[in-house]
file my_file-v5.txt (compact mmCIF, N, CA, C and O atoms)
# COMPACT_ATOMS: atom_id res chain seq x y z
N MET A 238 96.05 104.70 107.21
CA MET A 238 95.78 105.04 105.83
C MET A 238 96.29 106.45 105.56
O MET A 238 96.12 107.35 106.36
N ASP A 239 96.88 106.64 104.45
CA ASP A 239 97.39 107.95 104.03
C ASP A 239 96.22 108.90 103.83
O ASP A 239 95.21 108.56 103.24
N ARG A 240 96.33 110.13 104.32
CA ARG A 240 95.21 111.07 104.22
C ARG A 240 94.89 111.47 102.79
O ARG A 240 93.84 112.01 102.50
N HIS A 241 95.81 111.22 101.86
CA HIS A 241 95.56 111.55 100.46
C HIS A 241 94.88 110.41 99.71
O HIS A 241 94.51 110.55 98.57
N SER A 242 94.77 109.27 100.37
CA SER A 242 94.16 108.11 99.75
C SER A 242 92.65 108.30 99.65
O SER A 242 92.02 108.90 100.52
N ILE A 243 92.08 107.78 98.60
CA ILE A 243 90.63 107.86 98.45
C ILE A 243 89.98 106.53 98.76
O ILE A 243 88.78 106.40 98.67
N TYR A 244 90.78 105.55 99.13
CA TYR A 244 90.28 104.23 99.50
C TYR A 244 90.53 103.96 100.98
O TYR A 244 91.52 104.43 101.54
N ARG A 245 89.63 103.21 101.57
CA ARG A 245 89.81 102.75 102.95
C ARG A 245 90.29 101.31 102.86
O ARG A 245 89.82 100.54 102.02
N THR A 246 91.20 100.94 103.72
CA THR A 246 91.76 99.59 103.70
C THR A 246 91.29 98.82 104.92
O THR A 246 91.34 99.33 106.04
N ILE A 247 90.84 97.59 104.67
CA ILE A 247 90.49 96.68 105.76
C ILE A 247 91.27 95.38 105.55
O ILE A 247 91.64 95.04 104.43
N PHE A 248 91.51 94.68 106.64
CA PHE A 248 92.29 93.44 106.61
C PHE A 248 91.41 92.27 107.01
O PHE A 248 90.68 92.35 108.01
N SER A 249 91.50 91.19 106.26
CA SER A 249 90.80 89.97 106.67
C SER A 249 91.45 89.43 107.94
O SER A 249 92.61 89.77 108.25
N SER A 250 90.75 88.60 108.65
CA SER A 250 91.33 87.99 109.86
C SER A 250 92.53 87.13 109.48
O SER A 250 93.52 87.06 110.22
N LYS A 251 92.48 86.50 108.31
CA LYS A 251 93.61 85.70 107.83
C LYS A 251 94.85 86.58 107.63
O LYS A 251 95.94 86.23 108.07
N ALA A 252 94.68 87.73 106.98
CA ALA A 252 95.81 88.64 106.76
C ALA A 252 96.37 89.15 108.08
O ALA A 252 97.59 89.24 108.26
N GLN A 253 95.49 89.47 109.02
CA GLN A 253 95.94 89.93 110.34
C GLN A 253 96.78 88.86 111.04
O GLN A 253 97.83 89.15 111.61
N ARG A 254 96.31 87.62 110.97
CA ARG A 254 97.03 86.50 111.58
C ARG A 254 98.38 86.29 110.90
O ARG A 254 99.40 86.09 111.56
N GLU A 255 98.40 86.36 109.57
CA GLU A 255 99.65 86.17 108.83
C GLU A 255 100.68 87.26 109.18
O GLU A 255 101.87 86.96 109.32
N ILE A 256 100.22 88.48 109.33
CA ILE A 256 101.13 89.57 109.70
C ILE A 256 101.71 89.32 111.09
O ILE A 256 102.91 89.44 111.30
N ALA A 257 100.85 88.98 112.04
CA ALA A 257 101.30 88.75 113.42
C ALA A 257 102.28 87.57 113.49
O ALA A 257 103.33 87.67 114.14
N GLU A 258 101.95 86.48 112.81
CA GLU A 258 102.84 85.31 112.83
C GLU A 258 104.18 85.62 112.17
O GLU A 258 105.23 85.20 112.66
N SER A 259 104.15 86.36 111.08
CA SER A 259 105.38 86.71 110.38
C SER A 259 106.23 87.66 111.22
O SER A 259 107.46 87.51 111.29
N TRP A 260 105.59 88.63 111.86
CA TRP A 260 106.33 89.54 112.74
C TRP A 260 107.04 88.74 113.83
O TRP A 260 108.22 88.95 114.08
N ASN A 261 106.31 87.83 114.46
CA ASN A 261 106.91 87.00 115.52
C ASN A 261 108.09 86.18 114.99
O ASN A 261 109.13 86.09 115.64
N TRP A 262 107.92 85.60 113.83
CA TRP A 262 108.99 84.76 113.26
C TRP A 262 110.24 85.60 113.01
O TRP A 262 111.34 85.21 113.37
N TYR A 263 110.07 86.76 112.40
CA TYR A 263 111.22 87.63 112.11
C TYR A 263 111.86 88.17 113.39
O TYR A 263 113.08 88.24 113.50
N GLU A 264 111.05 88.55 114.37
CA GLU A 264 111.60 89.06 115.64
C GLU A 264 112.38 87.97 116.37
O GLU A 264 113.38 88.26 117.03
N ASP A 265 111.91 86.72 116.28
CA ASP A 265 112.64 85.61 116.90
C ASP A 265 114.01 85.41 116.28
O ASP A 265 114.94 84.96 116.94
N ARG A 266 114.14 85.74 115.00
CA ARG A 266 115.42 85.58 114.31
C ARG A 266 116.36 86.74 114.58
O ARG A 266 117.55 86.56 114.74
N GLN A 267 115.82 87.96 114.61
CA GLN A 267 116.66 89.14 114.82
C GLN A 267 115.80 90.27 115.37
O GLN A 267 114.80 90.65 114.75
N LEU A 268 116.20 90.80 116.49
CA LEU A 268 115.47 91.91 117.11
C LEU A 268 115.37 93.09 116.13
O LEU A 268 116.37 93.50 115.54
N GLY A 269 114.16 93.58 115.91
CA GLY A 269 113.94 94.70 115.01
C GLY A 269 113.56 94.29 113.59
O GLY A 269 113.03 95.10 112.83
N LEU A 270 113.82 93.04 113.23
CA LEU A 270 113.51 92.59 111.87
C LEU A 270 112.00 92.49 111.66
O LEU A 270 111.50 92.78 110.57
N GLY A 271 111.27 92.14 112.71
CA GLY A 271 109.81 92.12 112.61
C GLY A 271 109.25 93.50 112.34
O GLY A 271 108.33 93.66 111.53
N ASP A 272 109.83 94.51 112.99
CA ASP A 272 109.39 95.88 112.75
C ASP A 272 109.72 96.32 111.33
O ASP A 272 108.93 97.02 110.69
N ARG A 273 110.87 95.90 110.84
CA ARG A 273 111.22 96.23 109.45
C ARG A 273 110.22 95.59 108.49
O ARG A 273 109.80 96.21 107.50
N PHE A 274 109.83 94.35 108.78
CA PHE A 274 108.82 93.67 107.99
C PHE A 274 107.51 94.46 107.99
O PHE A 274 106.93 94.72 106.94
N LEU A 275 107.05 94.87 109.18
CA LEU A 275 105.81 95.65 109.27
C LEU A 275 105.90 96.95 108.49
O LEU A 275 104.94 97.35 107.83
N ASN A 276 107.03 97.62 108.58
CA ASN A 276 107.22 98.88 107.85
C ASN A 276 107.14 98.67 106.34
O ASN A 276 106.55 99.49 105.63
N GLU A 277 107.73 97.59 105.85
CA GLU A 277 107.67 97.28 104.41
C GLU A 277 106.23 97.01 103.98
O GLU A 277 105.78 97.49 102.93
N ILE A 278 105.51 96.23 104.79
CA ILE A 278 104.10 95.93 104.49
C ILE A 278 103.29 97.23 104.46
O ILE A 278 102.54 97.50 103.52
N ALA A 279 103.45 98.06 105.49
CA ALA A 279 102.69 99.31 105.59
C ALA A 279 103.01 100.23 104.42
O ALA A 279 102.09 100.85 103.83
N GLU A 280 104.26 100.34 104.06
CA GLU A 280 104.65 101.22 102.95
C GLU A 280 104.04 100.72 101.64
O GLU A 280 103.55 101.50 100.83
N HIS A 281 104.07 99.42 101.44
CA HIS A 281 103.52 98.89 100.19
C HIS A 281 101.99 99.03 100.15
O HIS A 281 101.42 99.29 99.09
N ILE A 282 101.35 98.90 101.29
CA ILE A 282 99.89 99.10 101.33
C ILE A 282 99.55 100.55 101.03
O ILE A 282 98.56 100.83 100.35
N ARG A 283 100.36 101.49 101.47
CA ARG A 283 100.14 102.90 101.13
C ARG A 283 100.18 103.09 99.60
O ARG A 283 99.38 103.83 99.04
N LYS A 284 101.09 102.39 98.96
CA LYS A 284 101.17 102.47 97.49
C LYS A 284 99.92 101.88 96.85
O LYS A 284 99.41 102.42 95.86
N ILE A 285 99.44 100.78 97.40
CA ILE A 285 98.21 100.17 96.89
C ILE A 285 97.04 101.13 97.06
O ILE A 285 96.23 101.32 96.15
N GLU A 286 96.95 101.79 98.22
CA GLU A 286 95.86 102.73 98.48
C GLU A 286 95.86 103.89 97.50
O GLU A 286 94.80 104.37 97.10
N GLN A 287 97.03 104.34 97.11
CA GLN A 287 97.12 105.48 96.20
C GLN A 287 96.74 105.11 94.77
O GLN A 287 96.13 105.92 94.07
N THR A 288 97.11 103.91 94.33
CA THR A 288 96.78 103.47 92.98
C THR A 288 96.43 101.97 92.99
O THR A 288 97.21 101.14 92.53
N PRO A 289 95.26 101.62 93.51
CA PRO A 289 94.92 100.21 93.69
C PRO A 289 94.83 99.40 92.40
O PRO A 289 95.09 98.20 92.41
N ILE A 290 94.50 100.04 91.28
CA ILE A 290 94.37 99.26 90.05
C ILE A 290 95.71 99.10 89.33
O ILE A 290 95.78 98.45 88.29
N LYS A 291 96.76 99.66 89.88
CA LYS A 291 98.09 99.56 89.27
C LYS A 291 98.58 98.12 89.20
O LYS A 291 99.25 97.73 88.26
N PHE A 292 98.22 97.33 90.20
CA PHE A 292 98.74 95.97 90.28
C PHE A 292 97.77 95.00 89.61
O PHE A 292 96.56 95.18 89.65
N PRO A 293 98.30 93.97 88.97
CA PRO A 293 97.47 93.12 88.10
C PRO A 293 96.52 92.18 88.84
O PRO A 293 96.78 91.75 89.94
N ILE A 294 95.42 91.89 88.15
CA ILE A 294 94.50 90.86 88.61
C ILE A 294 95.15 89.52 88.26
O ILE A 294 95.55 89.29 87.11
N ARG A 295 95.24 88.64 89.24
CA ARG A 295 95.87 87.33 89.02
C ARG A 295 94.87 86.19 88.99
O ARG A 295 95.10 85.17 88.37
N PHE A 296 93.75 86.36 89.69
CA PHE A 296 92.75 85.30 89.75
C PHE A 296 91.42 85.94 90.08
O PHE A 296 91.30 86.61 91.11
N LYS A 297 90.45 85.74 89.21
CA LYS A 297 89.13 86.37 89.36
C LYS A 297 89.34 87.85 89.64
O LYS A 297 89.93 88.54 88.85
N SER A 298 88.90 88.37 90.78
CA SER A 298 89.08 89.80 91.07
C SER A 298 90.20 90.05 92.08
O SER A 298 90.32 91.15 92.62
N TYR A 299 91.01 89.04 92.34
CA TYR A 299 92.13 89.19 93.28
C TYR A 299 93.35 89.79 92.58
O TYR A 299 93.76 89.32 91.52
N ARG A 300 93.91 90.80 93.21
CA ARG A 300 95.14 91.41 92.72
C ARG A 300 96.26 91.03 93.68
O ARG A 300 96.01 90.75 94.84
N GLU A 301 97.47 91.05 93.16
CA GLU A 301 98.59 90.76 94.04
C GLU A 301 99.82 91.54 93.61
O GLU A 301 99.96 91.91 92.45
N THR A 302 100.65 91.79 94.60
CA THR A 302 101.90 92.50 94.35
C THR A 302 102.95 92.02 95.33
O THR A 302 102.64 91.75 96.49
N PRO A 303 104.18 91.85 94.88
CA PRO A 303 105.24 91.41 95.79
C PRO A 303 105.66 92.52 96.75
O PRO A 303 105.56 93.71 96.43
N VAL A 304 106.13 92.09 97.91
CA VAL A 304 106.65 93.02 98.91
C VAL A 304 108.17 93.10 98.71
O VAL A 304 108.84 92.07 98.75
N PRO A 305 108.69 94.29 98.49
CA PRO A 305 110.14 94.41 98.34
C PRO A 305 110.85 93.91 99.60
O PRO A 305 110.35 94.07 100.69
N VAL A 306 111.98 93.27 99.42
CA VAL A 306 112.87 92.81 100.48
C VAL A 306 112.42 91.49 101.12
O VAL A 306 113.25 90.64 101.40
N PHE A 307 111.13 91.30 101.35
CA PHE A 307 110.64 90.09 102.01
C PHE A 307 109.89 89.20 101.01
O PHE A 307 109.26 89.71 100.09
N PRO A 308 109.94 87.88 101.22
CA PRO A 308 109.32 86.95 100.25
C PRO A 308 107.80 86.79 100.46
O PRO A 308 107.30 85.72 100.78
N PHE A 309 107.08 87.88 100.29
CA PHE A 309 105.64 87.88 100.50
C PHE A 309 104.93 88.55 99.34
O PHE A 309 105.50 89.40 98.66
N LEU A 310 103.67 88.18 99.17
CA LEU A 310 102.76 88.85 98.24
C LEU A 310 101.64 89.45 99.07
O LEU A 310 101.16 88.83 100.02
N ILE A 311 101.21 90.65 98.70
CA ILE A 311 100.00 91.21 99.28
C ILE A 311 98.89 90.92 98.29
O ILE A 311 98.96 91.33 97.13
N ILE A 312 97.89 90.19 98.75
CA ILE A 312 96.76 89.81 97.90
C ILE A 312 95.55 90.61 98.38
O ILE A 312 95.25 90.63 99.58
N TYR A 313 94.90 91.27 97.44
CA TYR A 313 93.80 92.15 97.82
C TYR A 313 92.72 92.20 96.75
O TYR A 313 92.93 91.78 95.62
N ARG A 314 91.57 92.73 97.16
CA ARG A 314 90.45 92.96 96.26
C ARG A 314 90.00 94.41 96.43
O ARG A 314 90.17 94.99 97.50
N ILE A 315 89.43 94.95 95.39
CA ILE A 315 88.95 96.32 95.41
C ILE A 315 87.42 96.32 95.30
O ILE A 315 86.87 95.65 94.43
N ASN A 316 86.78 97.09 96.16
CA ASN A 316 85.35 97.37 96.00
C ASN A 316 85.28 98.84 95.61
O ASN A 316 85.36 99.73 96.46
N GLY A 317 85.20 99.09 94.31
CA GLY A 317 85.23 100.45 93.80
C GLY A 317 84.03 101.28 94.22
O GLY A 317 84.16 102.47 94.47
N ARG A 318 82.88 100.66 94.33
CA ARG A 318 81.67 101.38 94.71
C ARG A 318 81.78 101.91 96.14
O ARG A 318 81.45 103.05 96.41
N LYS A 319 82.30 101.07 97.04
CA LYS A 319 82.44 101.47 98.44
C LYS A 319 83.79 102.11 98.74
O LYS A 319 84.03 102.57 99.85
N ARG A 320 84.69 102.10 97.73
CA ARG A 320 86.04 102.67 97.88
C ARG A 320 86.81 101.95 99.00
O ARG A 320 87.42 102.59 99.85
N ILE A 321 86.76 100.61 98.96
CA ILE A 321 87.42 99.80 99.98
C ILE A 321 88.42 98.87 99.32
O ILE A 321 88.13 98.25 98.29
N ILE A 322 89.58 98.77 99.93
CA ILE A 322 90.58 97.76 99.57
C ILE A 322 90.57 96.75 100.70
O ILE A 322 90.75 97.11 101.87
N ARG A 323 90.34 95.51 100.36
CA ARG A 323 90.34 94.44 101.37
C ARG A 323 91.61 93.61 101.18
O ARG A 323 91.77 92.96 100.14
N ILE A 324 92.49 93.68 102.15
CA ILE A 324 93.70 92.86 102.13
C ILE A 324 93.28 91.46 102.55
O ILE A 324 92.85 91.23 103.68
N VAL A 325 93.38 90.53 101.63
CA VAL A 325 92.92 89.17 101.84
C VAL A 325 94.00 88.31 102.48
O VAL A 325 93.72 87.49 103.35
N SER A 326 95.25 88.52 102.04
CA SER A 326 96.34 87.68 102.54
C SER A 326 97.67 88.40 102.41
O SER A 326 97.88 89.17 101.47
N ILE A 327 98.54 88.12 103.37
CA ILE A 327 99.95 88.49 103.27
C ILE A 327 100.64 87.14 103.11
O ILE A 327 100.92 86.44 104.08
N PHE A 328 100.83 86.74 101.88
CA PHE A 328 101.14 85.36 101.52
C PHE A 328 102.63 85.14 101.35
O PHE A 328 103.27 85.80 100.51
N HIS A 329 103.19 84.21 102.14
CA HIS A 329 104.61 83.87 101.99
C HIS A 329 104.78 83.04 100.72
O HIS A 329 104.06 82.07 100.50
N THR A 330 105.73 83.42 99.90
CA THR A 330 105.88 82.79 98.58
C THR A 330 106.36 81.35 98.62
O THR A 330 106.31 80.67 97.60
N SER A 331 106.80 80.85 99.78
CA SER A 331 107.21 79.45 99.86
C SER A 331 106.02 78.52 100.12
O SER A 331 106.15 77.31 100.02
N ARG A 332 104.85 79.11 100.40
CA ARG A 332 103.67 78.30 100.66
C ARG A 332 103.08 77.79 99.35
O ARG A 332 103.38 78.29 98.27
N ASN A 333 102.20 76.83 99.47
CA ASN A 333 101.52 76.23 98.33
C ASN A 333 100.69 77.31 97.61
O ASN A 333 99.76 77.86 98.21
N PRO A 334 101.00 77.62 96.36
CA PRO A 334 100.30 78.70 95.66
C PRO A 334 98.81 78.46 95.46
O PRO A 334 98.05 79.40 95.24
N THR A 335 98.37 77.22 95.56
CA THR A 335 96.93 76.96 95.42
C THR A 335 96.15 77.46 96.63
O THR A 335 94.93 77.52 96.59
N ARG A 336 96.84 77.86 97.69
CA ARG A 336 96.18 78.34 98.90
C ARG A 336 96.16 79.87 99.00
O ARG A 336 95.77 80.41 100.02
N LYS A 337 96.57 80.54 97.95
CA LYS A 337 96.64 82.01 97.98
C LYS A 337 95.26 82.65 98.10
O LYS A 337 95.12 83.64 98.77
N TYR A 338 94.29 82.12 97.40
CA TYR A 338 92.99 82.79 97.33
C TYR A 338 92.02 82.04 98.16
O TYR A 338 91.01 81.99 98.30

call {"tool": "encode", "arguments": {"input": "my_file-v5.txt", "output": "structure tokens"}}
result
Amino acid sequence: MDRHSIYRTIFSSKAQREIAESWNWYEDRQLGLGDRFLNEIAEHIRKIEQTPIKFPIRFKSYRETPVPVFPFLIIYRINGRKRIIRIVSIFHTSRNPTRKY
């Protein structure tokens, strides 16, 4: 987490699994591509931490934002009282959209 951020970020077990599986898939295709994927995810999460309400609510209290370069959405919720951002899913856009939330 960026030291200037006022929110703490936690990842659901689903999001952790999706990141690991995606890293493996990209690394299997090209050495270093998985690391590039992780760097893009981390950079975009830093942006979310700095301005979490910047990205739109898409369903109930779930917000989402696309990841530049890779076909993924970061889906998250904000707990303003506790100052927590919960990353719910790192969702590949080719998957069934009814399974996002």

call {"tool": "residues_around", "arguments": {"input": "my_file-v5.txt", "residues": "Glu301 (chain A)", "least_positions_apart": "2", "cutoff": "4.5 Å", "atoms": "all atoms listed in the file", "output": "JSON, numbers by chain"}}
result
{"A": [293, 299, 311, 312]}

call {"tool": "select_by_dssp", "arguments": {"input": "my_file-v5.txt", "residues": "chain A", "states": "strand (DSSP E)", "output": "PyMOL selection string"}}
result
chain A and resi 245-248+294-296+299-303+309-316+321-329

call {"tool": "write_last_selection", "arguments": {"input": "my_file-v5.txt", "atoms": "N, CA, C and O atoms", "output": "short mmCIF file (atom, residue, chain, number, x, y, z; two decimals), keeping the file's coordinate frame"}}
result
data_model
loop_
_atom_site.label_atom_id
_atom_site.label_comp_id
_atom_site.auth_asym_id
_atom_site.auth_seq_id
_atom_site.Cartn_x
_atom_site.Cartn_y
_atom_site.Cartn_z
N ARG A 245 89.63 103.21 101.57
CA ARG A 245 89.81 102.75 102.95
C ARG A 245 90.29 101.31 102.86
O ARG A 245 89.82 100.54 102.02
N THR A 246 91.20 100.94 103.72
CA THR A 246 91.76 99.59 103.70
C THR A 246 91.29 98.82 104.92
O THR A 246 91.34 99.33 106.04
N ILE A 247 90.84 97.59 104.67
CA ILE A 247 90.49 96.68 105.76
C ILE A 247 91.27 95.38 105.55
O ILE A 247 91.64 95.04 104.43
N PHE A 248 91.51 94.68 106.64
CA PHE A 248 92.29 93.44 106.61
C PHE A 248 91.41 92.27 107.01
O PHE A 248 90.68 92.35 108.01
N ILE A 294 95.42 91.89 88.15
CA ILE A 294 94.50 90.86 88.61
C ILE A 294 95.15 89.52 88.26
O ILE A 294 95.55 89.29 87.11
N ARG A 295 95.24 88.64 89.24
CA ARG A 295 95.87 87.33 89.02
C ARG A 295 94.87 86.19 88.99
O ARG A 295 95.10 85.17 88.37
N PHE A 296 93.75 86.36 89.69
CA PHE A 296 92.75 85.30 89.75
C PHE A 296 91.42 85.94 90.08
O PHE A 296 91.30 86.61 91.11
N TYR A 299 91.01 89.04 92.34
CA TYR A 299 92.13 89.19 93.28
C TYR A 299 93.35 89.79 92.58
O TYR A 299 93.76 89.32 91.52
N ARG A 300 93.91 90.80 93.21
CA ARG A 300 95.14 91.41 92.72
C ARG A 300 96.26 91.03 93.68
O ARG A 300 96.01 90.75 94.84
N GLU A 301 97.47 91.05 93.16
CA GLU A 301 98.59 90.76 94.04
C GLU A 301 99.82 91.54 93.61
O GLU A 301 99.96 91.91 92.45
N THR A 302 100.65 91.79 94.60
CA THR A 302 101.90 92.50 94.35
C THR A 302 102.95 92.02 95.33
O THR A 302 102.64 91.75 96.49
N PRO A 303 104.18 91.85 94.88
CA PRO A 303 105.24 91.41 95.79
C PRO A 303 105.66 92.52 96.75
O PRO A 303 105.56 93.71 96.43
N PHE A 309 107.08 87.88 100.29
CA PHE A 309 105.64 87.88 100.50
C PHE A 309 104.93 88.55 99.34
O PHE A 309 105.50 89.40 98.66
N LEU A 310 103.67 88.18 99.17
CA LEU A 310 102.76 88.85 98.24
C LEU A 310 101.64 89.45 99.07
O LEU A 310 101.16 88.83 100.02
N ILE A 311 101.21 90.65 98.70
CA ILE A 311 100.00 91.21 99.28
C ILE A 311 98.89 90.92 98.29
O ILE A 311 98.96 91.33 97.13
N ILE A 312 97.89 90.19 98.75
CA ILE A 312 96.76 89.81 97.90
C ILE A 312 95.55 90.61 98.38
O ILE A 312 95.25 90.63 99.58
N TYR A 313 94.90 91.27 97.44
CA TYR A 313 93.80 92.15 97.82
C TYR A 313 92.72 92.20 96.75
O TYR A 313 92.93 91.78 95.62
N ARG A 314 91.57 92.73 97.16
CA ARG A 314 90.45 92.96 96.26
C ARG A 314 90.00 94.41 96.43
O ARG A 314 90.17 94.99 97.50
N ILE A 315 89.43 94.95 95.39
CA ILE A 315 88.95 96.32 95.41
C ILE A 315 87.42 96.32 95.30
O ILE A 315 86.87 95.65 94.43
N ASN A 316 86.78 97.09 96.16
CA ASN A 316 85.35 97.37 96.00
C ASN A 316 85.28 98.84 95.61
O ASN A 316 85.36 99.73 96.46
N ILE A 321 86.76 100.61 98.96
CA ILE A 321 87.42 99.80 99.98
C ILE A 321 88.42 98.87 99.32
O ILE A 321 88.13 98.25 98.29
N ILE A 322 89.58 98.77 99.93
CA ILE A 322 90.58 97.76 99.57
C ILE A 322 90.57 96.75 100.70
O ILE A 322 90.75 97.11 101.87
N ARG A 323 90.34 95.51 100.36
CA ARG A 323 90.34 94.44 101.37
C ARG A 323 91.61 93.61 101.18
O ARG A 323 91.77 92.96 100.14
N ILE A 324 92.49 93.68 102.15
CA ILE A 324 93.70 92.86 102.13
C ILE A 324 93.28 91.46 102.55
O ILE A 324 92.85 91.23 103.68
N VAL A 325 93.38 90.53 101.63
CA VAL A 325 92.92 89.17 101.84
C VAL A 325 94.00 88.31 102.48
O VAL A 325 93.72 87.49 103.35
N SER A 326 95.25 88.52 102.04
CA SER A 326 96.34 87.68 102.54
C SER A 326 97.67 88.40 102.41
O SER A 326 97.88 89.17 101.47
N ILE A 327 98.54 88.12 103.37
CA ILE A 327 99.95 88.49 103.27
C ILE A 327 100.64 87.14 103.11
O ILE A 327 100.92 86.44 104.08
N PHE A 328 100.83 86.74 101.88
CA PHE A 328 101.14 85.36 101.52
C PHE A 328 102.63 85.14 101.35
O PHE A 328 103.27 85.80 100.51
N HIS A 329 103.19 84.21 102.14
CA HIS A 329 104.61 83.87 101.99
C HIS A 329 104.78 83.04 100.72
O HIS A 329 104.06 82.07 100.50
#

call {"tool": "select_by_dssp", "arguments": {"input": "my_file-v5.txt", "residues": "chain A", "states": "helix (DSSP H, G or I)", "output": "PyMOL selection string"}}
result
chain A and resi 250-266+270-287+289-291+334-336

call {"tool": "residues_around", "arguments": {"input": "my_file-v5.txt", "residues": "region 278-289 of chain A", "least_positions_apart": "3", "cutoff": "5 Å", "atoms": "only N, CA, C and O atoms", "output": "list in words"}}
result
Ser242, Ile243, Tyr244, Phe274, Leu275 and Phe292 of chain A

call {"tool": "atom_distance", "arguments": {"input": "my_file-v5.txt", "atom1": "atom C of Thr330 (chain A)", "atom2": "CA of Val306 (chain A)"}}
result
13.3 Å

call {"tool": "axis_aligned_box", "arguments": {"input": "my_file-v5.txt", "around": "region 262-265 of chain A", "padding_each_side": "5 Å", "output": "AutoDock Vina command-line options"}}
result
--center_x 111.4 --center_y 86.9 --center_z 114.6 --size_x 17.0 --size_y 14.3 --size_z 14.9

call {"tool": "closest_residue", "arguments": {"input": "my_file-v5.txt", "among": "A:Ala252, A:Ile327, A:Ile315, A:Ile247", "to": "Ser298 (chain A)", "atoms": "all atoms listed in the file"}}
result
A:Ile315

call {"tool": "atom_distance", "arguments": {"input": "my_file-v5.txt", "atom1": "atom N of Phe248 (chain A)", "atom2": "atom N of Pro303 (chain A)"}}
result
17.5 Å

call {"tool": "atom_distance", "arguments": {"input": "my_file-v5.txt", "atom1": "CA of Phe309 (chain A)", "atom2": "CA of Ile256 (chain A)"}}
result
10.4 Å

call {"tool": "closest_residue", "arguments": {"input": "my_file-v5.txt", "among": "A:Glu255, A:Asp272, A:Gln267, A:Trp260", "to": "Phe328 (chain A)", "atoms": "only C-alpha atoms"}}
result
A:Glu255

call {"tool": "residues_around", "arguments": {"input": "my_file-v5.txt", "residues": "His329 (chain A)", "least_positions_apart": "4", "cutoff": "6 Å", "atoms": "all atoms listed in the file", "output": "VMD selection string"}}
result
chain A and resid 308 to 310 333

call {"tool": "build_atoms", "arguments": {"input": "my_file-v5.txt", "residues": "region 246-251 of chain A", "atoms": "all heavy atoms", "output": "JSON list (two decimals), in the frame of the given file"}}
result
[["chain", "number", "residue", "atom", "x", "y", "z"],
["A", 246, "THR", "N", 91.20, 100.94, 103.72],
["A", 246, "THR", "CA", 91.76, 99.59, 103.70],
["A", 246, "THR", "C", 91.29, 98.82, 104.92],
["A", 246, "THR", "O", 91.34, 99.33, 106.04],
["A", 246, "THR", "CB", 93.30, 99.63, 103.69],
["A", 246, "THR", "OG1", 93.71, 100.35, 102.52],
["A", 246, "THR", "CG2", 93.89, 98.25, 103.64],
["A", 247, "ILE", "N", 90.84, 97.59, 104.67],
["A", 247, "ILE", "CA", 90.49, 96.68, 105.76],
["A", 247, "ILE", "C", 91.27, 95.38, 105.55],
["A", 247, "ILE", "O", 91.64, 95.04, 104.43],
["A", 247, "ILE", "CB", 88.97, 96.42, 105.86],
["A", 247, "ILE", "CG1", 88.43, 95.82, 104.56],
["A", 247, "ILE", "CG2", 88.22, 97.69, 106.21],
["A", 247, "ILE", "CD1", 86.98, 95.40, 104.64],
["A", 248, "PHE", "N", 91.51, 94.68, 106.64],
["A", 248, "PHE", "CA", 92.29, 93.44, 106.61],
["A", 248, "PHE", "C", 91.41, 92.27, 107.01],
["A", 248, "PHE", "O", 90.68, 92.35, 108.01],
["A", 248, "PHE", "CB", 93.46, 93.52, 107.60],
["A", 248, "PHE", "CG", 94.51, 94.51, 107.22],
["A", 248, "PHE", "CD1", 94.33, 95.86, 107.47],
["A", 248, "PHE", "CD2", 95.68, 94.09, 106.60],
["A", 248, "PHE", "CE1", 95.30, 96.79, 107.11],
["A", 248, "PHE", "CE2", 96.64, 95.01, 106.24],
["A", 248, "PHE", "CZ", 96.45, 96.36, 106.50],
["A", 249, "SER", "N", 91.50, 91.19, 106.26],
["A", 249, "SER", "CA", 90.80, 89.97, 106.67],
["A", 249, "SER", "C", 91.45, 89.43, 107.94],
["A", 249, "SER", "O", 92.61, 89.77, 108.25],
["A", 249, "SER", "CB", 90.88, 88.92, 105.55],
["A", 249, "SER", "OG", 92.21, 88.43, 105.45],
["A", 250, "SER", "N", 90.75, 88.60, 108.65],
["A", 250, "SER", "CA", 91.33, 87.99, 109.86],
["A", 250, "SER", "C", 92.53, 87.13, 109.48],
["A", 250, "SER", "O", 93.52, 87.06, 110.22],
["A", 250, "SER", "CB", 90.29, 87.19, 110.63],
["A", 250, "SER", "OG", 89.72, 86.19, 109.82],
["A", 251, "LYS", "N", 92.48, 86.50, 108.31],
["A", 251, "LYS", "CA", 93.61, 85.70, 107.83],
["A", 251, "LYS", "C", 94.85, 86.58, 107.63],
["A", 251, "LYS", "O", 95.94, 86.23, 108.07],
["A", 251, "LYS", "CB", 93.24, 85.02, 106.51],
["A", 251, "LYS", "CG", 94.36, 84.23, 105.89],
["A", 251, "LYS", "CD", 93.95, 83.66, 104.54],
["A", 251, "LYS", "CE", 95.11, 82.95, 103.88],
["A", 251, "LYS", "NZ", 94.78, 82.49, 102.54]]
